[in-house]
Amino acid sequence: MNIILVFVDGLGLGENNPEINPFAKYYTDFFKSNFARPFTKEIGRIISSTISLVLLDASLGVEGLPQSATGQTALFTGINAPKEVGRHIQAFPGPQLTKIIAEHGIMKQVLAAGLTATSANMYSPDYLELVRQRKRRNSVTTLLSLTAGIPLRSIAEMKAGEAIYQDITNDMLPVFGVHDVSPVSPSVAANRLLYLAKQYNFTVFEYFQTDRIGHKQNWDTARSIINVLDEFLSSLQQGLPKEAAVIVTSDHGNFEDFSVKTHTRNLIPLMVFGHACEQIAQQICYLTDVTPVILSTLKGLNYSD
C-alpha cells in the first residue's frame with residue numbers, strides 16, 4: 001500500500017461566512033463534488049468509502065493558541081509535543097522538539113518497519129549551506145527527513161519530474177534565485193506526486209502558503225491559493241491508484257479566518273480519500289493518532305492491534 005500525506009499548514013475549518021473565510025467566499029470544484037457545500041465547519045464529520053473527514057483539536061489539551069513547531073511535531077511523531085514541553089511553540093523546533101522528532105519521527109518509524117519513505121518537496125541547491133550559516137532554520141518536516149537519513153530533493157529531481165516545490169506551481173522559484181525550472185500547473189504537480197508516491201510506501205508533501213497568506217490576509221492571493229489547492233487535490237483524487245490513499249491535514253487554524261491575523265482555535269480537518277479511507281479516518285480522533293494509524297495501516301494492522 002502507498003500513503004501520501006499532504007500537509008497544508010494553517011488550515012482550520014471556519015464559519016460559513018464569506019466576509020472572513022476564503023473557503024466560504026471561493027467555493028470550488030473539489031469541495032463541491034465531495035461535500036456539496038463550502039469547506040467550513042458546517043460539513044461536520046463524514047465517514048464514507050469515497051472521502052472521509054474528521055475534525056481534530058490542535059490545542060491538544062494545552063492552553064493558548066496552537067502553533068506550528070509543536071503542532072507539526074505532534075502530527076508527525078504521535079507525541080503530544082505541547083504537553084511534553086508545557087506550551088505551544090511557534091515556527092521552528094528547538095532542541096527539545098528536535099530530540100522528539102529524531103527519536104519518534106514518522107519517517108524514521110516507517111524505515112524501522114522495513115518500509116520506504118520520502119519527502120516530495122524540492123529544496124533550493126544552497127539550502128543546507130544556508131542552514132549551516134544560520135540564514136535558514138529546519139522545519140519539522142525537513143527534520144523528519146534529515147534525522148531519518150533521507151536525502152532532500154533539489155533541482156535535479158525537479159527536472160526529472162520527481163520533486164514538487166512548496167508552492168506547487170514553481171511560480172515562486174525565481175524569488176529564491178532559481179530561474180531554470182519552468183512553471184507547472186497544479187494538475188501536473190499532482191501527477192508528479194502520484195508518480196513519485198508509487199515508488200514509496202509513505203510520501204509527505206508540505207504546502208505552507210495557506211499559513212503565510214492567512215497571516216497577511218491577502219484576499220486576491222487567497223483566491224489563487226484555493227484554486228491551486230482545488231486543482232491539485234482534484235487531480236490527486238482522480239489519478240490515485242487503487243491501492244493508495246491520500247491524507248490531507250494541518251497543524252492549526254489560520255487561513256479560514258481573515259478577521260484575525262493570528263492562528264485560531266478552530267478544529268482542523270483531516271480528509272482521507274482512496275484505499276481504506278473509511279478505516280483510516282475512523283481510527284483517528286486526535287492529532288497524535290495520525291502517525292500511529294499510518295504506521296499500522298502500512299503494516300496491515302489496525303491501530304488498536
# chains A, B, ... in the order shown; residues from 1 in each chain; ligands from 1
>>> residues_around(residues="range 53-68 of chain A", least_positions_apart="2", cutoff="8 Å", atoms="only C-alpha atoms", output="MDAnalysis selection string")
chainID A and resid 9 44:47 51 70:72 80 82:83 86:92 251:253 263:272 281 284:287
>>> write_last_selection(atoms="N, CA and C atoms", output="compact mmCIF listing (two decimals), in the first residue's frame")
# COMPACT_ATOMS: atom_id res chain seq x y z
N ASP A 9 -0.31 23.69 5.86
CA ASP A 9 -0.06 24.46 7.08
C ASP A 9 -1.14 25.52 7.30
N GLY A 44 -19.09 19.06 9.13
CA GLY A 44 -19.08 18.06 10.19
C GLY A 44 -18.30 16.81 9.80
N ARG A 45 -18.44 15.79 10.61
CA ARG A 45 -17.73 14.53 10.40
C ARG A 45 -18.41 13.71 9.30
N ILE A 46 -17.61 13.17 8.40
CA ILE A 46 -18.12 12.31 7.32
C ILE A 46 -17.25 11.07 7.23
N ILE A 47 -17.85 9.93 7.26
CA ILE A 47 -17.13 8.67 7.05
C ILE A 47 -17.79 7.95 5.88
N ILE A 51 -14.82 9.61 0.37
CA ILE A 51 -13.95 10.54 1.09
C ILE A 51 -14.43 10.63 2.52
N THR A 70 5.11 22.86 17.64
CA THR A 70 4.56 21.79 18.48
C THR A 70 3.45 21.02 17.75
N GLY A 71 2.64 21.72 16.97
CA GLY A 71 1.56 21.03 16.25
C GLY A 71 2.09 20.05 15.24
N GLN A 72 3.09 20.47 14.47
CA GLN A 72 3.68 19.58 13.47
C GLN A 72 4.43 18.42 14.13
N ASN A 80 2.41 14.00 22.11
CA ASN A 80 1.76 15.27 22.42
C ASN A 80 2.82 16.30 22.78
N PRO A 82 3.03 19.73 22.67
CA PRO A 82 2.76 20.85 23.56
C PRO A 82 2.69 20.43 25.03
N LYS A 83 2.16 19.25 25.28
CA LYS A 83 2.10 18.76 26.66
C LYS A 83 3.49 18.42 27.17
N GLY A 86 5.15 21.77 27.70
CA GLY A 86 4.39 22.62 28.58
C GLY A 86 3.79 23.85 27.96
N ARG A 87 3.88 23.98 26.63
CA ARG A 87 3.32 25.15 25.96
C ARG A 87 3.33 24.91 24.45
N HIS A 88 2.65 25.78 23.72
CA HIS A 88 2.69 25.76 22.26
C HIS A 88 3.89 26.58 21.81
N ILE A 89 4.67 26.04 20.87
CA ILE A 89 5.87 26.72 20.37
C ILE A 89 5.70 27.00 18.89
N GLN A 90 5.93 28.25 18.50
CA GLN A 90 5.70 28.66 17.12
C GLN A 90 6.88 28.35 16.21
N ALA A 91 6.62 28.39 14.94
CA ALA A 91 7.63 28.37 13.87
C ALA A 91 8.47 27.11 13.85
N PHE A 92 9.73 27.21 14.26
CA PHE A 92 10.70 26.13 14.07
C PHE A 92 11.03 25.43 15.38
N ASP A 251 -1.88 21.59 11.02
CA ASP A 251 -1.31 21.67 12.36
C ASP A 251 -2.06 22.65 13.26
N HIS A 252 -2.79 23.59 12.67
CA HIS A 252 -3.56 24.58 13.42
C HIS A 252 -4.39 25.38 12.43
N GLY A 253 -5.34 26.15 12.92
CA GLY A 253 -6.13 27.01 12.06
C GLY A 253 -5.44 28.34 11.81
N HIS A 263 -3.10 32.68 14.53
CA HIS A 263 -3.68 31.35 14.43
C HIS A 263 -5.02 31.34 15.14
N THR A 264 -5.78 30.28 14.96
CA THR A 264 -7.09 30.17 15.58
C THR A 264 -7.18 28.87 16.39
N ARG A 265 -8.25 28.77 17.16
CA ARG A 265 -8.53 27.54 17.89
C ARG A 265 -9.54 26.67 17.15
N ASN A 266 -9.85 27.02 15.91
CA ASN A 266 -10.78 26.19 15.13
C ASN A 266 -10.24 24.77 14.99
N LEU A 267 -11.14 23.82 14.92
CA LEU A 267 -10.75 22.44 14.66
C LEU A 267 -10.11 22.35 13.29
N ILE A 268 -9.17 21.44 13.15
CA ILE A 268 -8.51 21.27 11.85
C ILE A 268 -9.08 20.04 11.15
N PRO A 269 -9.15 20.10 9.82
CA PRO A 269 -9.71 18.96 9.08
C PRO A 269 -8.66 17.89 8.82
N LEU A 270 -9.11 16.66 8.78
CA LEU A 270 -8.30 15.56 8.27
C LEU A 270 -9.17 14.84 7.25
N MET A 271 -8.81 15.00 5.98
CA MET A 271 -9.52 14.33 4.88
C MET A 271 -8.74 13.10 4.45
N VAL A 272 -9.45 12.06 4.15
CA VAL A 272 -8.83 10.85 3.61
C VAL A 272 -9.64 10.40 2.40
N ALA A 281 -9.81 6.89 8.64
CA ALA A 281 -10.45 8.02 9.30
C ALA A 281 -11.10 7.61 10.62
N ILE A 284 -8.81 7.74 13.72
CA ILE A 284 -8.14 8.98 14.10
C ILE A 284 -9.11 9.89 14.84
N CYS A 285 -8.82 10.11 16.12
CA CYS A 285 -9.62 11.01 16.95
C CYS A 285 -8.82 12.23 17.40
N TYR A 286 -7.50 12.09 17.43
CA TYR A 286 -6.63 13.15 17.90
C TYR A 286 -5.49 13.36 16.89
N LEU A 287 -4.87 14.52 16.94
CA LEU A 287 -3.74 14.80 16.07
C LEU A 287 -2.62 13.79 16.28
>>> select_by_dssp(residues="range 49-228 of chain A", states="strand (DSSP E or B)", output="list in words")
Ile51, Ser52, Leu53, Val54, Leu55, Leu56, Ala117, Thr118, Ser119, Asn121, Met122, Arg153, Ile164, Phe202, Thr203, Val204, Phe205, Glu206 and Tyr207 of chain A
>>> closest_residue(among="A:Ile100, A:Asp230, A:Gln217, A:Gln279", to="Asn302 in chain A", atoms="only C-alpha atoms")
A:Gln279
>>> residues_around(residues="Val228 in chain A", least_positions_apart="2", cutoff="10 Å", atoms="only C-alpha atoms", output="PyMOL selection string")
chain A and resi 167-169+185-187+222-226+230-234
>>> atom_distance(atom1="CA of Pro22 in chain A", atom2="CA of Leu193 in chain A")
25.9 Å
>>> atom_distance(atom1="CA of Phe258 in chain A", atom2="CA of Leu11 in chain A")
11.9 Å
>>> select_by_dssp(residues="range 18-150 of chain A", states="helix (DSSP H, G or I)", output="JSON, numbers by chain")
{"A": [22, 23, 24, 25, 29, 30, 31, 32, 33, 34, 35, 41, 42, 43, 68, 69, 70, 71, 72, 73, 74, 75, 76, 77, 81, 82, 83, 84, 85, 95, 96, 97, 98, 99, 100, 101, 102, 103, 104, 106, 107, 108, 109, 110, 111, 112, 127, 128, 129, 130, 131, 132, 140, 141, 142, 143, 144, 145, 146, 147, 148]}
>>> atom_distance(atom1="CA of Phe30 in chain A", atom2="CA of Ala163 in chain A")
23.4 Å
>>> decode(residues="range 20-146 of chain A", atoms="C-alpha atoms", output="PDB file, in the first residue's frame")
ATOM      1  CA  ILE A  20     -13.968  36.337   6.813  1.00  0.00           C
ATOM      2  CA  ASN A  21     -13.446  32.834   5.371  1.00  0.00           C
ATOM      3  CA  PRO A  22     -11.846  32.407   1.917  1.00  0.00           C
ATOM      4  CA  PHE A  23     -13.246  28.874   1.683  1.00  0.00           C
ATOM      5  CA  ALA A  24     -16.754  30.287   2.089  1.00  0.00           C
ATOM      6  CA  LYS A  25     -16.146  33.057  -0.442  1.00  0.00           C
ATOM      7  CA  TYR A  26     -14.428  30.927  -3.106  1.00  0.00           C
ATOM      8  CA  TYR A  27     -16.400  27.691  -3.459  1.00  0.00           C
ATOM      9  CA  THR A  28     -14.518  25.422  -5.867  1.00  0.00           C
ATOM     10  CA  ASP A  29     -14.961  22.107  -7.666  1.00  0.00           C
ATOM     11  CA  PHE A  30     -13.136  19.735  -5.296  1.00  0.00           C
ATOM     12  CA  PHE A  31     -15.303  20.757  -2.364  1.00  0.00           C
ATOM     13  CA  LYS A  32     -18.490  20.941  -4.449  1.00  0.00           C
ATOM     14  CA  SER A  33     -18.044  17.417  -5.771  1.00  0.00           C
ATOM     15  CA  ASN A  34     -17.024  15.868  -2.458  1.00  0.00           C
ATOM     16  CA  PHE A  35     -19.069  17.776   0.121  1.00  0.00           C
ATOM     17  CA  ALA A  36     -21.748  19.664  -1.896  1.00  0.00           C
ATOM     18  CA  ARG A  37     -21.045  22.730   0.224  1.00  0.00           C
ATOM     19  CA  PRO A  38     -18.182  25.098   1.088  1.00  0.00           C
ATOM     20  CA  PHE A  39     -15.288  23.732   3.129  1.00  0.00           C
ATOM     21  CA  THR A  40     -16.430  25.006   6.540  1.00  0.00           C
ATOM     22  CA  LYS A  41     -17.170  23.555   9.961  1.00  0.00           C
ATOM     23  CA  GLU A  42     -20.831  23.052   8.993  1.00  0.00           C
ATOM     24  CA  ILE A  43     -19.773  19.988   6.988  1.00  0.00           C
ATOM     25  CA  GLY A  44     -19.077  18.060  10.187  1.00  0.00           C
ATOM     26  CA  ARG A  45     -17.726  14.533  10.396  1.00  0.00           C
ATOM     27  CA  ILE A  46     -18.124  12.314   7.321  1.00  0.00           C
ATOM     28  CA  ILE A  47     -17.130   8.668   7.055  1.00  0.00           C
ATOM     29  CA  SER A  48     -17.645   7.165   3.603  1.00  0.00           C
ATOM     30  CA  SER A  49     -15.933   4.960   1.057  1.00  0.00           C
ATOM     31  CA  THR A  50     -15.409   7.943  -1.269  1.00  0.00           C
ATOM     32  CA  ILE A  51     -13.948  10.540   1.087  1.00  0.00           C
ATOM     33  CA  SER A  52     -13.867  10.799   4.854  1.00  0.00           C
ATOM     34  CA  LEU A  53     -13.476  13.899   7.005  1.00  0.00           C
ATOM     35  CA  VAL A  54     -12.757  14.073  10.715  1.00  0.00           C
ATOM     36  CA  LEU A  55     -12.175  17.189  12.832  1.00  0.00           C
ATOM     37  CA  LEU A  56      -9.206  17.402  15.187  1.00  0.00           C
ATOM     38  CA  ASP A  57      -8.393  19.688  18.118  1.00  0.00           C
ATOM     39  CA  ALA A  58      -4.927  21.157  17.595  1.00  0.00           C
ATOM     40  CA  SER A  59      -4.814  22.517  21.165  1.00  0.00           C
ATOM     41  CA  LEU A  60      -4.086  19.013  22.466  1.00  0.00           C
ATOM     42  CA  GLY A  61      -5.231  19.937  25.978  1.00  0.00           C
ATOM     43  CA  VAL A  62      -2.763  22.802  26.382  1.00  0.00           C
ATOM     44  CA  GLU A  63      -3.834  26.418  26.936  1.00  0.00           C
ATOM     45  CA  GLY A  64      -3.048  29.022  24.291  1.00  0.00           C
ATOM     46  CA  LEU A  65      -3.165  29.243  20.528  1.00  0.00           C
ATOM     47  CA  PRO A  66      -1.853  26.162  18.689  1.00  0.00           C
ATOM     48  CA  GLN A  67       1.453  26.783  16.925  1.00  0.00           C
ATOM     49  CA  SER A  68       3.458  25.232  14.107  1.00  0.00           C
ATOM     50  CA  ALA A  69       6.500  23.720  15.832  1.00  0.00           C
ATOM     51  CA  THR A  70       4.561  21.790  18.476  1.00  0.00           C
ATOM     52  CA  GLY A  71       1.565  21.033  16.255  1.00  0.00           C
ATOM     53  CA  GLN A  72       3.680  19.575  13.472  1.00  0.00           C
ATOM     54  CA  THR A  73       5.790  17.610  15.941  1.00  0.00           C
ATOM     55  CA  ALA A  74       2.619  16.063  17.392  1.00  0.00           C
ATOM     56  CA  LEU A  75       1.276  15.294  13.937  1.00  0.00           C
ATOM     57  CA  PHE A  76       4.449  13.688  12.641  1.00  0.00           C
ATOM     58  CA  THR A  77       5.553  11.785  15.765  1.00  0.00           C
ATOM     59  CA  GLY A  78       2.418  10.761  17.645  1.00  0.00           C
ATOM     60  CA  ILE A  79       3.774  12.502  20.759  1.00  0.00           C
ATOM     61  CA  ASN A  80       1.755  15.270  22.420  1.00  0.00           C
ATOM     62  CA  ALA A  81       4.501  17.852  21.936  1.00  0.00           C
ATOM     63  CA  PRO A  82       2.758  20.847  23.564  1.00  0.00           C
ATOM     64  CA  LYS A  83       2.099  18.765  26.660  1.00  0.00           C
ATOM     65  CA  GLU A  84       5.695  17.470  26.706  1.00  0.00           C
ATOM     66  CA  VAL A  85       7.189  20.966  26.616  1.00  0.00           C
ATOM     67  CA  GLY A  86       4.390  22.620  28.585  1.00  0.00           C
ATOM     68  CA  ARG A  87       3.315  25.145  25.956  1.00  0.00           C
ATOM     69  CA  HIS A  88       2.692  25.756  22.264  1.00  0.00           C
ATOM     70  CA  ILE A  89       5.873  26.716  20.371  1.00  0.00           C
ATOM     71  CA  GLN A  90       5.698  28.665  17.119  1.00  0.00           C
ATOM     72  CA  ALA A  91       7.633  28.373  13.871  1.00  0.00           C
ATOM     73  CA  PHE A  92      10.696  26.132  14.068  1.00  0.00           C
ATOM     74  CA  PRO A  93      11.584  23.365  16.545  1.00  0.00           C
ATOM     75  CA  GLY A  94      14.295  23.936  19.137  1.00  0.00           C
ATOM     76  CA  PRO A  95      16.461  21.275  20.817  1.00  0.00           C
ATOM     77  CA  GLN A  96      13.663  19.674  22.861  1.00  0.00           C
ATOM     78  CA  LEU A  97      11.325  19.222  19.909  1.00  0.00           C
ATOM     79  CA  THR A  98      14.202  18.210  17.634  1.00  0.00           C
ATOM     80  CA  LYS A  99      15.007  15.394  20.050  1.00  0.00           C
ATOM     81  CA  ILE A 100      11.398  14.168  19.927  1.00  0.00           C
ATOM     82  CA  ILE A 101      11.459  14.271  16.114  1.00  0.00           C
ATOM     83  CA  ALA A 102      14.820  12.462  15.945  1.00  0.00           C
ATOM     84  CA  GLU A 103      13.500   9.673  18.181  1.00  0.00           C
ATOM     85  CA  HIS A 104       9.895   9.359  17.022  1.00  0.00           C
ATOM     86  CA  GLY A 105       9.629  10.966  13.566  1.00  0.00           C
ATOM     87  CA  ILE A 106       7.293   9.154  11.206  1.00  0.00           C
ATOM     88  CA  MET A 107       9.953   8.748   8.510  1.00  0.00           C
ATOM     89  CA  LYS A 108      12.286   7.033  10.946  1.00  0.00           C
ATOM     90  CA  GLN A 109       9.485   4.781  12.184  1.00  0.00           C
ATOM     91  CA  VAL A 110       8.467   3.826   8.642  1.00  0.00           C
ATOM     92  CA  LEU A 111      12.053   2.888   7.773  1.00  0.00           C
ATOM     93  CA  ALA A 112      12.418   0.932  11.027  1.00  0.00           C
ATOM     94  CA  ALA A 113       9.386  -1.138   9.997  1.00  0.00           C
ATOM     95  CA  GLY A 114      11.213  -2.186   6.833  1.00  0.00           C
ATOM     96  CA  LEU A 115       9.158   0.142   4.627  1.00  0.00           C
ATOM     97  CA  THR A 116      10.137   3.073   2.406  1.00  0.00           C
ATOM     98  CA  ALA A 117       9.517   6.799   2.835  1.00  0.00           C
ATOM     99  CA  THR A 118      10.357  10.106   1.193  1.00  0.00           C
ATOM    100  CA  SER A 119       9.564  13.802   1.108  1.00  0.00           C
ATOM    101  CA  ALA A 120       8.386  15.100  -2.274  1.00  0.00           C
ATOM    102  CA  ASN A 121       9.409  18.694  -1.537  1.00  0.00           C
ATOM    103  CA  MET A 122      12.164  20.362  -3.535  1.00  0.00           C
ATOM    104  CA  TYR A 123      14.779  22.434  -1.693  1.00  0.00           C
ATOM    105  CA  SER A 124      16.988  25.111  -3.212  1.00  0.00           C
ATOM    106  CA  PRO A 125      20.541  23.916  -4.004  1.00  0.00           C
ATOM    107  CA  ASP A 126      22.071  26.090  -1.266  1.00  0.00           C
ATOM    108  CA  TYR A 127      19.502  25.192   1.403  1.00  0.00           C
ATOM    109  CA  LEU A 128      21.780  23.141   3.670  1.00  0.00           C
ATOM    110  CA  GLU A 129      24.550  25.731   3.396  1.00  0.00           C
ATOM    111  CA  LEU A 130      22.120  28.467   4.376  1.00  0.00           C
ATOM    112  CA  VAL A 131      21.129  26.411   7.410  1.00  0.00           C
ATOM    113  CA  ARG A 132      24.796  25.991   8.304  1.00  0.00           C
ATOM    114  CA  GLN A 133      25.208  29.765   8.070  1.00  0.00           C
ATOM    115  CA  ARG A 134      22.106  30.187  10.249  1.00  0.00           C
ATOM    116  CA  LYS A 135      20.268  32.031   7.481  1.00  0.00           C
ATOM    117  CA  ARG A 136      17.612  29.309   7.382  1.00  0.00           C
ATOM    118  CA  ARG A 137      16.143  27.033  10.052  1.00  0.00           C
ATOM    119  CA  ASN A 138      14.970  23.461   9.598  1.00  0.00           C
ATOM    120  CA  SER A 139      11.240  22.950   9.851  1.00  0.00           C
ATOM    121  CA  VAL A 140       9.662  19.885  11.424  1.00  0.00           C
ATOM    122  CA  THR A 141       9.062  18.273   8.037  1.00  0.00           C
ATOM    123  CA  THR A 142      12.683  18.867   6.989  1.00  0.00           C
ATOM    124  CA  LEU A 143      13.954  17.326  10.211  1.00  0.00           C
ATOM    125  CA  LEU A 144      11.778  14.269   9.587  1.00  0.00           C
ATOM    126  CA  SER A 145      13.908  13.501   6.534  1.00  0.00           C
ATOM    127  CA  LEU A 146      17.285  14.609   7.873  1.00  0.00           C
TER     128      LEU A 146
END
